[in-house]
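Participant: Below is run.cif; it holds mmCIF, C-alpha atoms.
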```cif
data_input
#
loop_
_atom_site.group_PDB
_atom_site.id
_atom_site.type_symbol
_atom_site.label_atom_id
_atom_site.label_comp_id
_atom_site.auth_asym_id
_atom_site.auth_seq_id
_atom_site.Cartn_x
_atom_site.Cartn_y
_atom_site.Cartn_z
ATOM 1 C CA MET A 1 58.243 -10.186 44.172
ATOM 2 C CA THR A 2 54.506 -9.457 44.265
ATOM 3 C CA LYS A 3 52.099 -9.833 41.399
ATOM 4 C CA ASP A 4 51.763 -6.035 41.190
ATOM 5 C CA HIS A 5 55.520 -5.708 40.651
ATOM 6 C CA GLU A 6 55.462 -8.512 38.093
ATOM 7 C CA SER A 7 52.654 -6.878 36.062
ATOM 8 C CA ALA A 8 54.255 -3.430 36.109
ATOM 9 C CA PRO A 9 56.682 -4.115 33.208
ATOM 10 C CA SER A 10 53.861 -5.490 31.057
ATOM 11 C CA LYS A 11 51.794 -2.347 31.697
ATOM 12 C CA ILE A 12 54.739 -0.180 30.747
ATOM 13 C CA GLU A 13 55.243 -2.279 27.603
ATOM 14 C CA ASP A 14 51.574 -1.901 26.645
ATOM 15 C CA LYS A 15 51.817 1.858 26.961
ATOM 16 C CA LEU A 16 55.018 1.955 24.910
ATOM 17 C CA THR A 17 53.591 -0.253 22.151
ATOM 18 C CA GLY A 18 50.315 1.661 22.075
ATOM 19 C CA LYS A 19 48.157 -1.393 22.784
ATOM 20 C CA SER A 20 45.990 0.428 25.287
ATOM 21 C CA LEU A 21 45.457 3.263 22.811
ATOM 22 C CA ARG A 22 44.481 0.843 20.067
ATOM 23 C CA GLY A 23 42.109 -0.887 22.461
ATOM 24 C CA ARG A 24 40.381 2.378 23.283
ATOM 25 C CA MET A 25 40.121 3.253 19.606
ATOM 26 C CA ARG A 26 38.694 -0.213 18.854
ATOM 27 C CA ARG A 27 36.125 0.094 21.616
ATOM 28 C CA SER A 28 35.060 3.568 20.490
ATOM 29 C CA GLY A 29 34.744 2.308 16.918
ATOM 30 C CA GLU A 30 32.547 -0.556 18.089
ATOM 31 C CA LYS A 31 30.306 1.896 19.923
ATOM 32 C CA ARG A 32 29.920 3.972 16.776
ATOM 33 C CA GLN A 33 29.013 0.871 14.778
ATOM 34 C CA GLN A 34 26.381 -0.226 17.277
ATOM 35 C CA ALA A 35 23.753 2.236 16.012
ATOM 36 C CA PRO A 36 20.403 0.468 15.573
ATOM 37 C CA LEU A 37 19.613 -0.696 12.069
ATOM 38 C CA ARG A 38 16.236 1.063 12.277
ATOM 39 C CA ASN A 39 18.070 4.408 12.088
ATOM 40 C CA LEU A 40 18.835 3.603 8.434
ATOM 41 C CA LEU A 41 15.167 3.182 7.498
ATOM 42 C CA PRO A 42 14.633 6.895 6.608
ATOM 43 C CA ASN A 43 17.668 6.775 4.303
ATOM 44 C CA VAL A 44 16.343 3.575 2.722
ATOM 45 C CA LEU A 45 13.078 5.362 1.888
ATOM 46 C CA THR A 46 15.043 8.275 0.417
ATOM 47 C CA VAL A 47 17.055 5.937 -1.817
ATOM 48 C CA LEU A 48 13.850 4.212 -2.936
ATOM 49 C CA ALA A 49 12.382 7.629 -3.784
ATOM 50 C CA LEU A 50 15.468 8.414 -5.865
ATOM 51 C CA CYS A 51 15.062 5.113 -7.697
ATOM 52 C CA ALA A 52 11.438 6.027 -8.415
ATOM 53 C CA GLY A 53 12.541 9.361 -9.894
ATOM 54 C CA LEU A 54 15.085 7.661 -12.137
ATOM 55 C CA THR A 55 12.472 5.144 -13.249
ATOM 56 C CA ALA A 56 10.097 8.000 -14.062
ATOM 57 C CA ILE A 57 12.632 9.396 -16.541
ATOM 58 C CA ARG A 58 12.989 5.983 -18.141
ATOM 59 C CA PHE A 59 9.217 5.693 -18.592
ATOM 60 C CA GLY A 60 9.126 9.219 -20.031
ATOM 61 C CA LEU A 61 11.807 8.415 -22.597
ATOM 62 C CA GLU A 62 9.816 5.332 -23.582
ATOM 63 C CA GLY A 63 6.630 7.396 -23.993
ATOM 64 C CA ARG A 64 4.864 5.666 -21.083
ATOM 65 C CA TYR A 65 3.833 8.923 -19.470
ATOM 66 C CA GLU A 66 1.186 7.595 -17.097
ATOM 67 C CA PHE A 67 3.714 5.229 -15.506
ATOM 68 C CA ALA A 68 6.225 8.083 -15.377
ATOM 69 C CA VAL A 69 3.828 10.288 -13.410
ATOM 70 C CA TYR A 70 2.923 7.377 -11.141
ATOM 71 C CA ALA A 71 6.621 6.940 -10.344
ATOM 72 C CA ILE A 72 7.004 10.604 -9.385
ATOM 73 C CA LEU A 73 3.910 10.420 -7.186
ATOM 74 C CA VAL A 74 5.415 7.381 -5.454
ATOM 75 C CA ALA A 75 8.626 9.384 -4.951
ATOM 76 C CA ALA A 76 6.588 12.197 -3.381
ATOM 77 C CA LEU A 77 4.873 9.736 -1.027
ATOM 78 C CA LEU A 78 8.215 8.246 0.047
ATOM 79 C CA ASP A 79 9.616 11.753 0.540
ATOM 80 C CA ALA A 80 6.743 12.572 2.874
ATOM 81 C CA LEU A 81 7.318 9.384 4.849
ATOM 82 C CA ASP A 82 11.093 9.485 5.274
ATOM 83 C CA GLY A 83 11.139 12.785 7.161
ATOM 84 C CA ARG A 84 8.325 11.768 9.484
ATOM 85 C CA LEU A 85 9.954 8.399 10.099
ATOM 86 C CA ALA A 86 13.275 10.066 10.934
ATOM 87 C CA ARG A 87 11.573 12.320 13.478
ATOM 88 C CA MET A 88 9.634 9.420 14.982
ATOM 89 C CA LEU A 89 12.782 7.297 15.361
ATOM 90 C CA LYS A 90 14.909 10.308 16.343
ATOM 91 C CA ALA A 91 17.280 9.293 13.549
ATOM 92 C CA GLN A 92 17.908 12.701 12.000
ATOM 93 C CA SER A 93 21.430 13.161 10.659
ATOM 94 C CA SER A 94 23.332 15.574 8.439
ATOM 95 C CA PHE A 95 23.950 12.737 5.981
ATOM 96 C CA GLY A 96 20.226 12.024 5.750
ATOM 97 C CA ALA A 97 19.423 15.711 5.280
ATOM 98 C CA GLU A 98 21.914 16.066 2.422
ATOM 99 C CA LEU A 99 20.721 12.859 0.768
ATOM 100 C CA ASP A 100 17.119 14.015 1.048
ATOM 101 C CA SER A 101 17.925 17.375 -0.576
ATOM 102 C CA LEU A 102 19.737 15.728 -3.483
ATOM 103 C CA ALA A 103 16.866 13.287 -4.005
ATOM 104 C CA ASP A 104 14.311 16.132 -3.864
ATOM 105 C CA PHE A 105 16.184 18.114 -6.497
ATOM 106 C CA PHE A 106 16.344 15.167 -8.861
ATOM 107 C CA ASN A 107 12.846 13.769 -8.234
ATOM 108 C CA PHE A 108 10.970 17.086 -8.197
ATOM 109 C CA GLY A 109 13.300 19.529 -9.928
ATOM 110 C CA VAL A 110 14.571 17.476 -12.869
ATOM 111 C CA ALA A 111 12.384 14.439 -13.569
ATOM 112 C CA PRO A 112 8.986 16.217 -13.978
ATOM 113 C CA VAL A 113 10.202 18.813 -16.479
ATOM 114 C CA LEU A 114 12.211 16.251 -18.446
ATOM 115 C CA ILE A 115 9.010 14.257 -18.839
ATOM 116 C CA LEU A 116 7.152 17.406 -19.908
ATOM 117 C CA TYR A 117 9.938 18.181 -22.382
ATOM 118 C CA THR A 118 9.701 14.794 -24.106
ATOM 119 C CA TRP A 119 5.891 15.021 -23.989
ATOM 120 C CA SER A 120 5.357 18.518 -25.399
ATOM 121 C CA LEU A 121 8.115 21.098 -24.905
ATOM 122 C CA ASP A 122 10.515 19.643 -27.465
ATOM 123 C CA ALA A 123 8.235 21.155 -30.134
ATOM 124 C CA LEU A 124 9.455 24.597 -28.980
ATOM 125 C CA GLY A 125 13.097 23.711 -29.462
ATOM 126 C CA GLY A 126 15.402 25.992 -27.491
ATOM 127 C CA LEU A 127 12.564 27.856 -25.764
ATOM 128 C CA GLY A 128 11.223 24.612 -24.375
ATOM 129 C CA TRP A 129 14.640 23.779 -22.956
ATOM 130 C CA VAL A 130 14.846 27.249 -21.396
ATOM 131 C CA ALA A 131 11.624 26.468 -19.512
ATOM 132 C CA VAL A 132 13.140 23.195 -18.288
ATOM 133 C CA LEU A 133 16.331 24.910 -17.129
ATOM 134 C CA GLY A 134 14.428 27.731 -15.450
ATOM 135 C CA TYR A 135 12.308 25.337 -13.431
ATOM 136 C CA SER A 136 15.272 23.162 -12.391
ATOM 137 C CA VAL A 137 17.361 26.160 -11.322
ATOM 138 C CA ALA A 138 14.403 27.569 -9.369
ATOM 139 C CA CYS A 139 14.027 24.241 -7.568
ATOM 140 C CA ALA A 140 17.748 24.190 -6.705
ATOM 141 C CA LEU A 141 17.543 27.741 -5.338
ATOM 142 C CA ARG A 142 14.427 26.866 -3.344
ATOM 143 C CA LEU A 143 16.114 23.876 -1.719
ATOM 144 C CA ALA A 144 19.324 25.824 -1.031
ATOM 145 C CA ARG A 145 17.349 28.622 0.652
ATOM 146 C CA PHE A 146 15.513 26.081 2.776
ATOM 147 C CA ASN A 147 18.735 24.342 3.856
ATOM 148 C CA VAL A 148 20.604 27.503 4.883
ATOM 149 C CA ALA A 149 17.660 29.306 6.464
ATOM 150 C CA ALA A 150 18.774 30.431 9.913
ATOM 151 C CA GLU A 151 16.443 29.920 12.834
ATOM 152 C CA ASP A 152 15.188 33.310 14.017
ATOM 153 C CA PRO A 153 15.009 33.440 17.835
ATOM 154 C CA ASP A 154 12.132 35.934 17.577
ATOM 155 C CA ARG A 155 10.219 33.693 15.173
ATOM 156 C CA PRO A 156 6.730 33.039 16.563
ATOM 157 C CA SER A 157 5.665 29.441 17.066
ATOM 158 C CA TRP A 158 2.802 29.727 14.555
ATOM 159 C CA ALA A 159 5.330 30.421 11.771
ATOM 160 C CA ASN A 160 6.361 26.745 11.839
ATOM 161 C CA ALA A 161 3.051 25.961 10.151
ATOM 162 C CA PHE A 162 4.194 27.740 6.968
ATOM 163 C CA PHE A 163 6.801 27.258 4.268
ATOM 164 C CA VAL A 164 8.401 30.135 2.366
ATOM 165 C CA GLY A 165 7.479 29.493 -1.251
ATOM 166 C CA VAL A 166 5.964 26.342 -2.720
ATOM 167 C CA PRO A 167 7.982 23.273 -1.622
ATOM 168 C CA ALA A 168 9.580 21.093 -4.287
ATOM 169 C CA PRO A 169 7.222 18.067 -4.030
ATOM 170 C CA ALA A 170 4.135 20.289 -4.265
ATOM 171 C CA ALA A 171 5.684 22.170 -7.186
ATOM 172 C CA ALA A 172 6.225 18.874 -9.008
ATOM 173 C CA GLY A 173 2.567 18.020 -8.476
ATOM 174 C CA LEU A 174 1.485 21.412 -9.794
ATOM 175 C CA VAL A 175 3.799 21.433 -12.795
ATOM 176 C CA MET A 176 2.461 18.083 -14.060
ATOM 177 C CA LEU A 177 -1.153 19.319 -14.144
ATOM 178 C CA PRO A 178 -1.197 19.411 -17.999
ATOM 179 C CA LEU A 179 -0.332 15.705 -17.977
ATOM 180 C CA TYR A 180 -3.172 14.873 -15.579
ATOM 181 C CA MET A 181 -5.637 16.740 -17.751
ATOM 182 C CA ASP A 182 -4.379 14.956 -20.845
ATOM 183 C CA PHE A 183 -4.778 11.546 -19.176
ATOM 184 C CA THR A 184 -8.426 12.331 -18.376
ATOM 185 C CA GLN A 185 -8.932 13.702 -21.926
ATOM 186 C CA ILE A 186 -10.202 16.997 -20.526
ATOM 187 C CA THR A 187 -7.880 18.753 -22.927
ATOM 188 C CA THR A 188 -4.693 17.980 -24.827
ATOM 189 C CA PHE A 189 -2.003 20.400 -23.717
ATOM 190 C CA ASN A 190 0.764 18.722 -25.707
ATOM 191 C CA THR A 191 -0.662 20.497 -28.756
ATOM 192 C CA TRP A 192 -0.122 23.833 -26.937
ATOM 193 C CA PRO A 193 3.517 23.680 -25.812
ATOM 194 C CA SER A 194 3.628 27.452 -25.299
ATOM 195 C CA LEU A 195 0.957 27.224 -22.586
ATOM 196 C CA VAL A 196 2.871 24.378 -20.964
ATOM 197 C CA ALA A 197 6.020 26.535 -20.920
ATOM 198 C CA VAL A 198 4.124 29.440 -19.330
ATOM 199 C CA HIS A 199 2.657 27.082 -16.742
ATOM 200 C CA ILE A 200 6.146 25.826 -15.878
ATOM 201 C CA GLY A 201 7.371 29.404 -15.499
ATOM 202 C CA VAL A 202 4.544 30.261 -13.089
ATOM 203 C CA VAL A 203 5.280 27.230 -10.891
ATOM 204 C CA ALA A 204 9.011 28.047 -10.925
ATOM 205 C CA PHE A 205 8.238 31.582 -9.743
ATOM 206 C CA LEU A 206 6.058 30.248 -6.915
ATOM 207 C CA MET A 207 8.967 28.125 -5.687
ATOM 208 C CA VAL A 208 11.440 31.009 -5.346
ATOM 209 C CA SER A 209 8.862 33.540 -4.159
ATOM 210 C CA ARG A 210 8.339 34.605 -0.539
ATOM 211 C CA LEU A 211 4.751 33.403 -0.662
ATOM 212 C CA PRO A 212 3.795 31.652 2.616
ATOM 213 C CA THR A 213 2.346 28.193 2.039
ATOM 214 C CA PHE A 214 0.885 25.697 4.463
ATOM 215 C CA SER A 215 3.283 23.113 5.890
ATOM 216 C CA GLY A 216 2.192 19.654 6.948
ATOM 217 C CA LYS A 217 5.387 18.860 8.863
ATOM 218 C CA HIS A 218 4.011 20.029 12.191
ATOM 219 C CA LEU A 219 0.496 18.700 11.623
ATOM 220 C CA ARG A 220 -0.728 16.790 14.654
ATOM 221 C CA LEU A 221 -3.822 14.609 14.536
ATOM 222 C CA SER A 222 -6.014 14.462 17.592
ATOM 223 C CA THR A 223 -6.256 11.117 19.358
ATOM 224 C CA ARG A 224 -9.854 11.778 20.344
ATOM 225 C CA ARG A 225 -12.098 9.173 18.772
ATOM 226 C CA ASP A 226 -14.800 11.651 17.750
ATOM 227 C CA LYS A 227 -12.220 13.523 15.651
ATOM 228 C CA ALA A 228 -10.252 10.515 14.416
ATOM 229 C CA LEU A 229 -13.237 8.695 12.894
ATOM 230 C CA PRO A 230 -14.198 11.453 10.395
ATOM 231 C CA PHE A 231 -10.554 11.679 9.350
ATOM 232 C CA LEU A 232 -10.346 7.927 8.745
ATOM 233 C CA LEU A 233 -13.602 8.074 6.799
ATOM 234 C CA GLY A 234 -12.179 10.827 4.625
ATOM 235 C CA VAL A 235 -9.037 8.783 3.960
ATOM 236 C CA ALA A 236 -11.166 5.816 2.930
ATOM 237 C CA LEU A 237 -13.214 7.954 0.531
ATOM 238 C CA VAL A 238 -10.099 9.467 -1.056
ATOM 239 C CA ALA A 239 -8.598 5.987 -1.450
ATOM 240 C CA ALA A 240 -11.787 4.729 -3.111
ATOM 241 C CA LEU A 241 -11.821 7.679 -5.497
ATOM 242 C CA ALA A 242 -8.132 7.202 -6.276
ATOM 243 C CA VAL A 243 -8.746 3.584 -7.235
ATOM 244 C CA SER A 244 -11.824 4.317 -9.365
ATOM 245 C CA TYR A 245 -10.819 7.709 -10.839
ATOM 246 C CA PRO A 246 -7.067 8.105 -10.258
ATOM 247 C CA TRP A 247 -6.333 11.110 -12.427
ATOM 248 C CA MET A 248 -9.494 12.999 -11.556
ATOM 249 C CA THR A 249 -8.587 12.501 -7.891
ATOM 250 C CA VAL A 250 -5.081 13.835 -8.510
ATOM 251 C CA ILE A 251 -6.528 16.839 -10.351
ATOM 252 C CA GLY A 252 -8.861 17.482 -7.416
ATOM 253 C CA ILE A 253 -5.996 17.333 -4.895
ATOM 254 C CA THR A 254 -3.911 19.642 -7.095
ATOM 255 C CA ALA A 255 -6.791 22.100 -7.360
ATOM 256 C CA LEU A 256 -7.285 22.064 -3.574
ATOM 257 C CA TYR A 257 -3.603 22.830 -3.056
ATOM 258 C CA ALA A 258 -3.771 25.684 -5.573
ATOM 259 C CA VAL A 259 -6.773 27.107 -3.693
ATOM 260 C CA SER A 260 -4.846 26.831 -0.420
ATOM 261 C CA LEU A 261 -2.123 29.219 -1.664
ATOM 262 C CA PRO A 262 -4.164 32.443 -1.309
ATOM 263 C CA LEU A 263 -5.696 31.089 1.910
ATOM 264 C CA ALA A 264 -2.214 30.519 3.350
ATOM 265 C CA PHE A 265 -1.200 34.047 2.362
ATOM 266 C CA TRP A 266 -4.292 35.503 4.062
ATOM 267 C CA ARG A 267 -3.845 33.395 7.202
ATOM 268 C CA HIS A 268 -0.175 34.333 7.453
ATOM 269 C CA ARG A 269 -1.020 38.032 7.168
ATOM 270 C CA VAL A 270 -3.653 37.766 9.920
ATOM 271 C CA LEU A 271 -1.286 35.990 12.320
ATOM 272 C CA GLU A 272 1.541 38.372 11.448
ATOM 273 C CA LYS A 273 -0.607 41.416 12.254
ATOM 274 C CA ARG A 274 -1.676 39.868 15.556
ATOM 275 C CA THR A 275 1.959 39.270 16.448
ATOM 276 C CA GLN A 276 2.919 42.837 15.546
ATOM 277 C CA ILE A 277 0.098 44.226 17.698
ATOM 278 C CA ALA A 278 1.085 41.996 20.627
ATOM 279 C CA ARG A 279 4.737 43.019 20.348
ATOM 280 C CA ALA A 280 3.845 46.714 20.104
ATOM 281 C CA SER A 281 1.665 46.410 23.221
ATOM 282 C CA ARG A 282 4.456 44.611 25.056
ATOM 283 C CA ASP A 283 7.001 47.267 24.093
ATOM 284 C CA ARG A 284 4.696 50.048 25.298
ATOM 285 C CA SER A 285 4.172 48.323 28.646
ATOM 286 C CA LEU A 286 7.926 47.865 29.028
ATOM 287 C CA ASP A 287 8.520 51.548 28.232
ATOM 288 C CA GLU A 288 5.903 52.573 30.792
ATOM 289 C CA GLN A 289 7.489 50.386 33.450
ATOM 290 C CA ALA A 290 10.929 51.790 32.652
ATOM 291 C CA GLY A 291 9.538 55.344 32.905
ATOM 292 C CA GLU A 292 8.157 54.672 36.349
#
```
Go ahead and render the structure in this file as structure tokens.
Facilitator:
Amino acid sequence: MTKDHESAPSKIEDKLTGKSLRGRMRRSGEKRQQAPLRNLLPNVLTVLALCAGLTAIRFGLEGRYEFAVYAILVAALLDALDGRLARMLKAQSSFGAELDSLADFFNFGVAPVLILYTWSLDALGGLGWVAVLGYSVACALRLARFNVAAEDPDRPSWANAFFVGVPAPAAAGLVMLPLYMDFTQITTFNTWPSLVAVHIGVVAFLMVSRLPTFSGKHLRLSTRRDKALPFLLGVALVAALAVSYPWMTVIGITALYAVSLPLAFWRHRVLEKRTQIARASRDRSLDEQAGE
């Protein structure tokens, strides 16, 4: 009897016992587990951002408001880095997207207004809590709209440079402006809780509005040295100002972003009109060709 005939019963036995099936399942499981560890780095940054948001609430409850705002700013920095890192490593995943949305809601939709509530809004009682709830719900709606937004096939490429409404991290930076001004002793807004509540309502409206705002996700820096050097110089100057005058620097950045809102609206309208004119001209040329 040949070796092939001798091995035939063992092959049949393996098929009957399911050994070959288990082997294939084991091998496929090993392949799934062989994903590079670097693919987890974006999720690690997201978890660290969530920890920063939780720590911000702790500092707020303890009355250490400067440390609380610092923690939220760190969360915003980590949020900006995790998305870019995921795109650089090509490690985007549905799990990472869901985790990022949950962290954004907590860090920028809950933590800032809870800090403002313990700092000033609690003097208004129920009305102050209404402002907190309104902002948090607006942030949740903003994130939900962003997550379910369908990609329009007719969407022009320039539209990727804009968000619809103020994004959650920018809204958190705007809503904490009364705290920045209090830290620099420009004015003390915690004695005017009604103004703080109105300010929160305005920022909440900007989040759920259809206002086009500039997006930095598709920003590309030129590799040309003559353009890179001024940018690096600007970064160095901002860093020096942030070290020497941290809250004045934050106020300046917040003011620049607020100024960019009407500029983004104007720029979006200009590009939209150009696109409409180009499409109308294209449709007329197609009609003329069809008529011929």
Participant: Could you list as a PDB file with C-alpha atoms, in the frame of the given file every residue that has an atom within 12 Å of (24.2, 11.8, 5.2), using the file's coordinates and counting all atoms listed in the file?
Facilitator:
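Okay, selection.pdb is ready:
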```pdb
ATOM      1  CA  ASN A  39      18.070   4.408  12.088  1.00  0.00           C
ATOM      2  CA  LEU A  40      18.835   3.603   8.434  1.00  0.00           C
ATOM      3  CA  PRO A  42      14.633   6.895   6.608  1.00  0.00           C
ATOM      4  CA  ASN A  43      17.668   6.775   4.303  1.00  0.00           C
ATOM      5  CA  VAL A  44      16.343   3.575   2.722  1.00  0.00           C
ATOM      6  CA  THR A  46      15.043   8.275   0.417  1.00  0.00           C
ATOM      7  CA  VAL A  47      17.055   5.937  -1.817  1.00  0.00           C
ATOM      8  CA  ALA A  91      17.280   9.293  13.549  1.00  0.00           C
ATOM      9  CA  GLN A  92      17.908  12.701  12.000  1.00  0.00           C
ATOM     10  CA  SER A  93      21.430  13.161  10.659  1.00  0.00           C
ATOM     11  CA  SER A  94      23.332  15.574   8.439  1.00  0.00           C
ATOM     12  CA  PHE A  95      23.950  12.737   5.981  1.00  0.00           C
ATOM     13  CA  GLY A  96      20.226  12.024   5.750  1.00  0.00           C
ATOM     14  CA  ALA A  97      19.423  15.711   5.280  1.00  0.00           C
ATOM     15  CA  GLU A  98      21.914  16.066   2.422  1.00  0.00           C
ATOM     16  CA  LEU A  99      20.721  12.859   0.768  1.00  0.00           C
ATOM     17  CA  ASP A 100      17.119  14.015   1.048  1.00  0.00           C
ATOM     18  CA  SER A 101      17.925  17.375  -0.576  1.00  0.00           C
ATOM     19  CA  LEU A 102      19.737  15.728  -3.483  1.00  0.00           C
ATOM     20  CA  ALA A 103      16.866  13.287  -4.005  1.00  0.00           C
TER      21      ALA A 103
END
```
Participant: Quick one: apply the PyMOL selection byres ((chain A and resi 70-78) around 9) to the file and drop the selected residues here as JSON, numbers by chain.
Facilitator: {"A": [45, 46, 48, 49, 50, 51, 52, 53, 54, 55, 56, 57, 59, 65, 66, 67, 68, 69, 79, 80, 81, 82, 83, 104, 107, 108, 111, 112, 169, 170, 172, 173]}
Participant: Let me make sure I understand: among A:Tyr180, A:Phe205, A:Phe214, A:Trp192, which one has the smallest atom-to-atom distance to Asp122 in chain A if we use all atoms listed in the file?
Facilitator: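 Of A:Tyr180, A:Phe205, A:Phe214, A:Trp192, the one nearest Asp122 in chain A, counting all atoms listed in the file, is A:Trp192.
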Participant: A:Leu211, A:Val130, A:Ala171, A:Leu206: which is nearest His268 in chain A, counting all atoms listed in the file?
Facilitator: A:Leu211
Participant: What separation in Å, quoted to one decimal, exists between CA of Ser209 in chain A and CA of Val164 in chain A?
Facilitator: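 For CA of Ser209 in chain A relative to CA of Val164 in chain A, the distance reads 7.4 Å.
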Participant: Just give me the gap between CA of Pro193 in chain A and CA of Leu61 in chain A in Å, one decimal is fine.
Facilitator: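 Between these atoms lies a distance of 17.7 Å.
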Participant: State, in Å with one decimal place, the distance from CA of Arg145 in chain A to CA of Met176 in chain A.
Facilitator: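 Taking CA of Arg145 in chain A as the start and CA of Met176 in chain A as the end point, the length is 23.4 Å.
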Participant: Using only C-alpha atoms, pick whichever of A:Gly234, A:Gly252, A:Gly165, A:Gly134 has the shortest atom-to-atom distance to Leu177 in chain A.
Facilitator: A:Gly252
Participant: What's the 7 Å shell around Ala138 in chain A, counting all atoms listed in the file, without same-chain residues fewer than 5 positions away, as an MDAnalysis selection string?
Facilitator: chainID A and resid 204 207:208
Participant: Which of these, A:Trp129, A:Tyr135, A:Phe106, A:Trp119, has the shortest distance to His199 in chain A once you count all atoms listed in the file?
Facilitator: A:Tyr135
Participant: Using all atoms listed in the file, find the one residue out of A:Ala131, A:Leu41, A:Ala240, A:Arg269 that sits nearest to Arg87 in chain A.
Facilitator: A:Leu41
Participant: Here is a test: counting all atoms listed in the file, which residue of A:Ala197, A:Ala140, A:Ile251, A:Val166 is nearest to Gly126 in chain A?
Facilitator: A:Ala197
